[in-house]
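Enquirer: Please find protein-v5.pdb (PDB, C-alpha atoms) on the next line:
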```pdb
ATOM      1  CA  MET A   1       0.000   0.000   0.000
ATOM      2  CA  SER A   2       1.383   3.427  -0.915
ATOM      3  CA  GLN A   3       2.222   6.089   1.663
ATOM      4  CA  LEU A   4      -0.506   8.276   0.124
ATOM      5  CA  ALA A   5      -3.131   5.581   0.673
ATOM      6  CA  LEU A   6      -1.952   5.047   4.237
ATOM      7  CA  ALA A   7      -2.156   8.771   4.920
ATOM      8  CA  ALA A   8      -5.715   8.856   3.631
ATOM      9  CA  LEU A   9      -6.668   6.087   6.029
ATOM     10  CA  THR A  10      -5.358   8.032   9.007
ATOM     11  CA  THR A  11      -7.092  11.379   8.494
ATOM     12  CA  SER A  12      -9.785  10.571  11.058
ATOM     13  CA  THR A  13      -9.648   9.203  14.597
ATOM     14  CA  GLY A  14     -12.160   6.397  14.145
ATOM     15  CA  PRO A  15     -11.411   2.684  14.598
ATOM     16  CA  SER A  16     -10.163   2.224  11.027
ATOM     17  CA  ALA A  17      -7.725   5.113  11.394
ATOM     18  CA  ARG A  18      -6.371   3.743  14.651
ATOM     19  CA  TRP A  19      -5.697   0.331  13.146
ATOM     20  CA  ALA A  20      -4.256   1.899   9.998
ATOM     21  CA  HIS A  21      -1.830   3.916  12.114
ATOM     22  CA  ASP A  22      -0.445   0.780  13.781
ATOM     23  CA  VAL A  23      -0.229  -1.044  10.465
ATOM     24  CA  ARG A  24       1.581   1.953   8.965
ATOM     25  CA  ASN A  25       4.154   1.906  11.789
ATOM     26  CA  ALA A  26       4.728  -1.819  11.376
ATOM     27  CA  LEU A  27       5.081  -1.615   7.601
ATOM     28  CA  ALA A  28       7.374   1.407   7.824
ATOM     29  CA  THR A  29       9.616  -0.572  10.140
ATOM     30  CA  VAL A  30       9.552  -3.510   7.725
ATOM     31  CA  GLY A  31      10.689  -1.158   4.992
ATOM     32  CA  LEU A  32      13.668  -0.048   7.072
ATOM     33  CA  HIS A  33      14.567  -3.676   7.745
ATOM     34  CA  LEU A  34      14.529  -4.466   4.041
ATOM     35  CA  GLU A  35      16.572  -1.386   3.130
ATOM     36  CA  THR A  36      19.220  -2.511   5.591
ATOM     37  CA  LEU A  37      19.045  -6.074   4.324
ATOM     38  CA  GLU A  38      19.917  -4.902   0.815
ATOM     39  CA  ARG A  39      23.251  -3.639   2.119
ATOM     40  CA  MET A  40      24.093  -6.703   4.162
ATOM     41  CA  SER A  41      24.723 -10.412   3.817
ATOM     42  CA  GLY A  42      25.433 -13.428   5.984
ATOM     43  CA  PRO A  43      23.891 -14.248   9.402
ATOM     44  CA  ARG A  44      23.151 -10.603  10.217
ATOM     45  CA  GLY A  45      21.157 -10.242   7.020
ATOM     46  CA  ARG A  46      19.179 -13.359   7.838
ATOM     47  CA  ASP A  47      18.358 -11.974  11.296
ATOM     48  CA  ILE A  48      16.996  -8.799   9.742
ATOM     49  CA  ALA A  49      14.964 -10.773   7.212
ATOM     50  CA  HIS A  50      13.471 -12.817  10.049
ATOM     51  CA  ALA A  51      12.536  -9.640  11.963
ATOM     52  CA  ALA A  52      10.908  -8.232   8.821
ATOM     53  CA  HIS A  53       8.915 -11.416   8.298
ATOM     54  CA  THR A  54       7.733 -11.380  11.929
ATOM     55  CA  LEU A  55       6.570  -7.769  11.675
ATOM     56  CA  MET A  56       4.687  -8.464   8.463
ATOM     57  CA  SER A  57       2.906 -11.346  10.206
ATOM     58  CA  ARG A  58       2.022  -9.008  13.069
ATOM     59  CA  ALA A  59       0.611  -6.456  10.643
ATOM     60  CA  ALA A  60      -1.525  -9.126   8.959
ATOM     61  CA  ALA A  61      -2.803 -10.274  12.356
ATOM     62  CA  MET A  62      -3.765  -6.694  13.270
ATOM     63  CA  CYS A  63      -5.784  -6.357  10.072
ATOM     64  CA  SER A  64      -7.559  -9.660  10.689
ATOM     65  CA  GLU A  65      -8.369  -8.685  14.266
ATOM     66  CA  ALA A  66      -9.689  -5.284  13.145
ATOM     67  CA  MET A  67     -12.258  -6.997  10.954
ATOM     68  CA  SER A  68     -13.505  -9.290  13.723
ATOM     69  CA  GLN A  69     -13.056  -7.207  16.858
ATOM     70  CA  GLY A  70     -16.093  -6.725  19.069
ATOM     71  CA  GLY A  71     -16.867  -4.389  21.923
ATOM     72  CA  ALA A  72     -15.458  -3.932  25.406
ATOM     73  CA  LEU A  73     -16.976  -7.133  26.785
ATOM     74  CA  GLU A  74     -15.347  -9.182  24.048
ATOM     75  CA  ALA A  75     -12.050  -7.383  24.659
ATOM     76  CA  SER A  76     -12.258  -8.300  28.342
ATOM     77  CA  SER A  77     -12.732 -11.966  27.461
ATOM     78  CA  ARG A  78      -9.421 -11.963  25.546
ATOM     79  CA  ARG A  79      -7.369 -11.196  28.644
ATOM     80  CA  ARG A  80      -5.059 -14.051  29.617
ATOM     81  CA  PRO A  81      -2.009 -14.400  31.885
ATOM     82  CA  PHE A  82       1.276 -13.988  30.013
ATOM     83  CA  ASP A  83       4.871 -13.013  30.735
ATOM     84  CA  ILE A  84       5.259  -9.373  29.704
ATOM     85  CA  ALA A  85       9.067  -9.683  29.926
ATOM     86  CA  ARG A  86       9.017 -12.078  26.956
ATOM     87  CA  THR A  87       6.845  -9.666  24.950
ATOM     88  CA  ILE A  88       9.248  -6.812  25.685
ATOM     89  CA  SER A  89      12.250  -8.920  24.682
ATOM     90  CA  GLN A  90      10.529  -9.800  21.412
ATOM     91  CA  ILE A  91       9.854  -6.128  20.625
ATOM     92  CA  ALA A  92      13.456  -5.209  21.443
ATOM     93  CA  ASN A  93      14.782  -7.941  19.156
ATOM     94  CA  LEU A  94      12.499  -6.836  16.323
ATOM     95  CA  LEU A  95      13.570  -3.197  16.506
ATOM     96  CA  ARG A  96      17.295  -3.492  17.302
ATOM     97  CA  PRO A  97      18.307  -4.204  13.675
ATOM     98  CA  ILE A  98      17.089  -0.762  12.552
ATOM     99  CA  ALA A  99      18.549   1.223  15.444
ATOM    100  CA  PRO A 100      21.181   3.803  14.467
ATOM    101  CA  ALA A 101      24.808   2.986  15.226
ATOM    102  CA  GLY A 102      25.585   3.200  18.930
ATOM    103  CA  PHE A 103      21.921   3.190  20.035
ATOM    104  CA  GLU A 104      20.794   0.526  22.519
ATOM    105  CA  ILE A 105      17.390  -0.888  23.415
ATOM    106  CA  ARG A 106      17.903  -2.051  26.982
ATOM    107  CA  VAL A 107      15.600  -4.437  28.845
ATOM    108  CA  ALA A 108      15.995  -4.418  32.629
ATOM    109  CA  GLU A 109      14.180  -7.329  34.252
ATOM    110  CA  ASN A 110      14.864 -10.223  36.586
ATOM    111  CA  GLY A 111      12.630 -13.228  35.972
ATOM    112  CA  ALA A 112       9.068 -13.519  34.724
ATOM    113  CA  PHE A 113       6.371 -10.874  35.207
ATOM    114  CA  ALA A 114       2.899 -12.268  34.597
ATOM    115  CA  VAL A 115       0.151  -9.791  33.702
ATOM    116  CA  LEU A 116      -3.539 -10.344  32.980
ATOM    117  CA  ALA A 117      -4.247  -8.669  29.645
ATOM    118  CA  ASP A 118      -4.692  -9.126  25.910
ATOM    119  CA  GLN A 119      -1.162  -9.968  24.756
ATOM    120  CA  GLN A 120      -1.670  -8.589  21.243
ATOM    121  CA  GLU A 121      -2.891  -5.247  22.571
ATOM    122  CA  VAL A 122      -0.046  -4.958  25.088
ATOM    123  CA  PHE A 123       2.385  -5.696  22.252
ATOM    124  CA  ARG A 124       0.862  -2.770  20.328
ATOM    125  CA  VAL A 125       1.206  -0.404  23.306
ATOM    126  CA  LEU A 126       4.867  -1.220  23.885
ATOM    127  CA  PHE A 127       5.730  -1.367  20.190
ATOM    128  CA  ASN A 128       4.314   2.146  19.726
ATOM    129  CA  LEU A 129       6.372   3.522  22.627
ATOM    130  CA  VAL A 130       9.670   1.910  21.617
ATOM    131  CA  HIS A 131       9.038   2.714  17.949
ATOM    132  CA  ASN A 132       8.567   6.391  18.874
ATOM    133  CA  ALA A 133      11.858   6.436  20.806
ATOM    134  CA  LEU A 134      13.646   4.768  17.911
ATOM    135  CA  SER A 135      12.218   7.304  15.432
ATOM    136  CA  VAL A 136      13.602  10.151  17.544
ATOM    137  CA  ALA A 137      16.964   8.361  17.808
ATOM    138  CA  ARG A 138      17.161   8.010  14.023
ATOM    139  CA  ALA A 139      16.279  11.685  13.583
ATOM    140  CA  HIS A 140      19.106  12.718  15.932
ATOM    141  CA  ALA A 141      21.713  10.265  14.637
ATOM    142  CA  GLY A 142      24.858  12.087  13.566
ATOM    143  CA  THR A 143      23.960  15.277  15.449
ATOM    144  CA  ALA A 144      25.909  16.870  18.289
ATOM    145  CA  GLN A 145      23.578  15.234  20.838
ATOM    146  CA  PRO A 146      22.540  11.775  19.582
ATOM    147  CA  MET A 147      20.353   9.515  21.693
ATOM    148  CA  SER A 148      22.242   6.571  23.164
ATOM    149  CA  HIS A 149      19.493   4.334  24.554
ATOM    150  CA  VAL A 150      15.931   3.582  25.550
ATOM    151  CA  THR A 151      15.476   1.420  28.647
ATOM    152  CA  LEU A 152      12.474  -0.725  29.580
ATOM    153  CA  LEU A 153      12.413  -1.478  33.306
ATOM    154  CA  ILE A 154       9.839  -3.978  34.605
ATOM    155  CA  GLU A 155       8.755  -3.985  38.260
ATOM    156  CA  ARG A 156       6.099  -5.767  40.311
ATOM    157  CA  HIS A 157       4.090  -3.772  42.865
ATOM    158  CA  ASP A 158       1.544  -5.859  44.801
ATOM    159  CA  THR A 159      -1.327  -6.307  42.337
ATOM    160  CA  THR A 160       0.225  -4.465  39.397
ATOM    161  CA  VAL A 161       3.183  -4.730  37.025
ATOM    162  CA  THR A 162       4.770  -1.477  35.860
ATOM    163  CA  VAL A 163       6.945  -0.971  32.792
ATOM    164  CA  ARG A 164       9.025   2.220  32.710
ATOM    165  CA  ILE A 165      10.085   3.252  29.203
ATOM    166  CA  ALA A 166      12.761   5.941  29.397
ATOM    167  CA  ASP A 167      15.146   7.410  26.825
ATOM    168  CA  ASP A 168      17.936   9.972  26.947
ATOM    169  CA  GLY A 169      16.704  12.056  24.035
ATOM    170  CA  PRO A 170      15.619  15.689  23.872
ATOM    171  CA  GLY A 171      12.347  15.019  25.691
ATOM    172  CA  LEU A 172       8.955  16.413  24.836
ATOM    173  CA  PRO A 173       8.340  20.148  24.367
ATOM    174  CA  GLN A 174       6.445  21.642  27.286
ATOM    175  CA  ALA A 175       3.785  22.935  24.918
ATOM    176  CA  VAL A 176       2.617  19.437  23.943
ATOM    177  CA  ARG A 177       2.764  17.646  27.290
ATOM    178  CA  HIS A 178      -0.687  18.644  28.562
ATOM    179  CA  ASN A 179      -2.451  17.328  25.459
ATOM    180  CA  LEU A 180       0.015  14.547  24.774
ATOM    181  CA  PHE A 181      -2.496  11.712  24.401
ATOM    182  CA  ARG A 182      -4.925  13.569  22.147
ATOM    183  CA  PRO A 183      -4.959  12.466  18.477
ATOM    184  CA  GLN A 184      -4.817  16.032  17.163
ATOM    185  CA  GLN A 185      -1.323  16.404  18.631
ATOM    186  CA  ALA A 186       0.067  13.957  16.038
ATOM    187  CA  SER A 187       2.145  16.617  14.298
ATOM    188  CA  SER A 188       3.744  18.005  17.449
ATOM    189  CA  GLY A 189       5.100  15.096  19.454
ATOM    190  CA  GLY A 190       2.084  13.259  20.846
ATOM    191  CA  GLY A 191      -0.529  12.023  18.490
ATOM    192  CA  LEU A 192      -2.480   9.079  17.340
ATOM    193  CA  GLY A 193       0.069   6.482  18.440
ATOM    194  CA  LEU A 194       0.003   7.615  22.071
ATOM    195  CA  ALA A 195      -3.788   8.006  21.992
ATOM    196  CA  ILE A 196      -4.066   4.399  20.794
ATOM    197  CA  ALA A 197      -1.595   3.208  23.416
ATOM    198  CA  ARG A 198      -3.459   4.839  26.298
ATOM    199  CA  GLU A 199      -6.818   3.543  25.059
ATOM    200  CA  LEU A 200      -5.484  -0.014  24.854
ATOM    201  CA  ALA A 201      -3.863   0.212  28.293
ATOM    202  CA  GLU A 202      -7.107   1.383  29.877
ATOM    203  CA  ARG A 203      -9.117  -1.268  28.022
ATOM    204  CA  ASN A 204      -6.912  -3.854  29.719
ATOM    205  CA  GLY A 205      -7.475  -2.472  33.210
ATOM    206  CA  GLY A 206      -4.242  -0.489  33.258
ATOM    207  CA  MET A 207      -2.989   3.005  32.573
ATOM    208  CA  LEU A 208      -0.336   4.823  30.564
ATOM    209  CA  GLN A 209       1.140   8.153  31.588
ATOM    210  CA  HIS A 210       4.027  10.467  30.803
ATOM    211  CA  VAL A 211       6.148  11.369  33.845
ATOM    212  CA  GLU A 212       8.705  14.107  34.316
ATOM    213  CA  SER A 213      12.359  13.086  34.105
ATOM    214  CA  ALA A 214      15.698  14.865  34.283
ATOM    215  CA  ARG A 215      16.450  13.989  30.674
ATOM    216  CA  GLY A 216      14.585  12.526  27.748
ATOM    217  CA  ALA A 217      11.028  11.178  27.726
ATOM    218  CA  THR A 218       9.678   8.700  30.274
ATOM    219  CA  PHE A 219       6.409   6.760  30.152
ATOM    220  CA  LEU A 220       4.884   4.404  32.703
ATOM    221  CA  LEU A 221       2.659   1.515  31.636
ATOM    222  CA  GLN A 222       0.793  -0.153  34.489
ATOM    223  CA  LEU A 223      -1.156  -3.404  34.075
ATOM    224  CA  PRO A 224      -2.927  -5.820  36.436
ATOM    225  CA  ALA A 225      -0.634  -8.565  37.681
ATOM    226  CA  ALA A 226      -1.722 -12.159  37.150
ATOM    227  CA  THR A 227      -1.639 -13.824  40.543
ATOM    228  CA  GLY A 228      -1.948 -17.319  41.964
ATOM    229  CA  LEU A 229      -3.354 -19.983  39.672
ATOM    230  CA  MET A 230      -3.705 -17.553  36.753
ATOM    231  CA  ALA A 231       0.018 -16.769  36.744
ATOM    232  CA  GLU A 232       0.880 -20.453  37.095
ATOM    233  CA  ALA A 233      -1.349 -21.365  34.159
ATOM    234  CA  GLY A 234       0.238 -18.631  32.050
ATOM    235  CA  ALA A 235       3.724 -19.854  32.939
ATOM    236  CA  LEU A 236       2.825 -23.412  31.953
ATOM    237  CA  ARG A 237       1.532 -22.216  28.579
ATOM    238  CA  SER A 238       4.720 -20.213  28.084
ATOM    239  CA  LEU A 239       6.879 -23.243  28.866
ATOM    240  CA  GLY A 240       4.845 -25.313  26.433
ATOM    241  CA  LYS A 241       5.428 -22.798  23.646
ATOM    242  CA  ARG A 242       9.176 -22.758  24.357
ATOM    243  CA  ALA A 243       9.305 -26.563  24.232
ATOM    244  CA  ARG A 244       7.660 -26.572  20.802
ATOM    245  CA  HIS A 245      10.176 -24.113  19.309
TER     246      HIS A 245
END
```
Turn the structure described in the file into structure tokens.
Expert:
Amino acid sequence: MSQLALAALTTSTGPSARWAHDVRNALATVGLHLETLERMSGPRGRDIAHAAHTLMSRAAAMCSEAMSQGGALEASSRRRPFDIARTISQIANLLRPIAPAGFEIRVAENGAFAVLADQQEVFRVLFNLVHNALSVARAHAGTAQPMSHVTLLIERHDTTVTVRIADDGPGLPQAVRHNLFRPQQASSGGGLGLAIARELAERNGGMLQHVESARGATFLLQLPAATGLMAEAGALRSLGKRARH
């Protein structure tokens, strides 16, 4: 699909526009993977090709889900225990091949962190946030003050799991912070991606917020922790998937 067609799909803030925005981000990232692949060969090239293939599969799954998605009650029924640390590691591995030279995607975690949510929707939230940081890093590559990293720190607090996404970039202009999660701020640092991310977080019983930091931009994603038998069942499913691969 051409960039012009994608832009036309995202001129409104309805459901189709929201899905089109995520698909556009995924396909844009695929394009960067393939551009890099053209200049490379050997094992590294194969890794990039695999990441591109995985992202294309994700984009196809998003489109399929958009056509069949129901209301809030149906969304609630899709919540299952899963290890959010594995999802974060997957996102980091998908995006590292297109990071500018010297830029790191760091994942700070110790063990498994089971949450109760829709895994596909949580993937979209985190992908949007890391993708945004990576876009800023690419824009500042080669400048006097390049970004060096984005860090995802996972912590458990009683009944919740919190993911802190922090970078060392230029941060967000003060003028856009108050309306950061509104779709109309798309051209000035917030926009549709963050509006989608917050909506998905809240639909899964969590929240997404921007917090002040000494440098760069920092976001907190909070989700319900999966406890007791739910967490155990999720861990067993995760082990089963690992055994099959």
Enquirer: CA of Leu126 in chain A and CA of Ala141 in chain A, how far apart in Å?
Expert: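 Going from CA of Ala141 in chain A over to CA of Leu126 in chain A, I get 22.4 Å.
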Enquirer: Determine, counting all atoms listed in the file, which protein, DNA and RNA residues have an atom within 6 Å of an atom of range 77-92 of chain A; residues of the same chain fewer than 4 positions away are not included. Present the result as a short mmCIF file (atom, residue, chain, number, x, y, z; two decimals) with C-alpha atoms, in the coordinates of the input.
Expert:
```
data_model
loop_
_atom_site.label_atom_id
_atom_site.label_comp_id
_atom_site.auth_asym_id
_atom_site.auth_seq_id
_atom_site.Cartn_x
_atom_site.Cartn_y
_atom_site.Cartn_z
CA ARG A 96 17.30 -3.49 17.30
CA ALA A 112 9.07 -13.52 34.72
CA PHE A 113 6.37 -10.87 35.21
CA ALA A 114 2.90 -12.27 34.60
CA VAL A 115 0.15 -9.79 33.70
CA LEU A 116 -3.54 -10.34 32.98
CA ALA A 117 -4.25 -8.67 29.64
CA ASP A 118 -4.69 -9.13 25.91
CA ALA A 226 -1.72 -12.16 37.15
CA ALA A 231 0.02 -16.77 36.74
CA GLY A 234 0.24 -18.63 32.05
#
```
Enquirer: Identify, on the basis of only C-alpha atoms, every residue whose closest approach to Thr151 in chain A does not exceed 9 Å; exclude the query and any residue fewer than 4 positions from it along the same chain; express the result as a ChimeraX atom specification.
Expert: /A:104-108,164-167
Enquirer: Could you pull the residues within 12 Å of Val125 in chain A, counting all atoms listed in the file, minus those fewer than 5 positions along the same chain, as an MDAnalysis selection string?
Expert: chainID A and resid 22 84 87:88 91 117:120 130:132 163 165 192:204 206:209 219:223
Enquirer: Could you pull the residues within 12 Å of Pro97 in chain A, counting only C-alpha atoms, minus those fewer than 2 positions along the same chain, as an NGL selection string?
Expert: :A and (29-37 or 40 or 44-52 or 91-95 or 99-105 or 134)
Enquirer: From the list A:Arg39, A:Arg156, A:His140, A:His53, which residue is nearest Ala26 in chain A when using all atoms listed in the file?
Expert: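 Among A:Arg39, A:Arg156, A:His140, A:His53, it is A:His53 that comes nearest to Ala26 in chain A.
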Enquirer: For a test of reading the model, state the distance in Å between CA of Val176 in chain A and CA of Leu27 in chain A, rounded to one decimal.
Expert: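 Rounded to one decimal, the two atoms are 26.8 Å apart.
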Enquirer: Separation of CA of Val23 in chain A and CA of Leu55 in chain A, in Å?
Expert: 9.6 Å
Enquirer: Restricting the calculation to only C-alpha atoms, which member of A:Thr227, A:Gln174, A:Ser213, A:Ser148 is positioned closest to Val161 in chain A?
Expert: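 Among A:Thr227, A:Gln174, A:Ser213, A:Ser148, it is A:Thr227 that comes nearest to Val161 in chain A.
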Enquirer: Name the residues that the PyMOL selection byres ((chain A and resi 171) around 10) pulls out of this structure, and write them as a list in words.
Expert: Ala133, Val136, Ala166, Asp167, Asp168, Gly169, Pro170, Leu172, Pro173, Gln174, Gly189, Glu212, Ser213, Ala214, Arg215, Gly216, Ala217 and Thr218 of chain A
Enquirer: Within 9 Å of Glu109 in chain A, counting all atoms listed in the file, which residues qualify if same-chain residues fewer than 6 places away don't, as a list in words?
Expert: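 The residues that qualify are Ala85, Leu152, Leu153, Ile154 and Glu155 of chain A.
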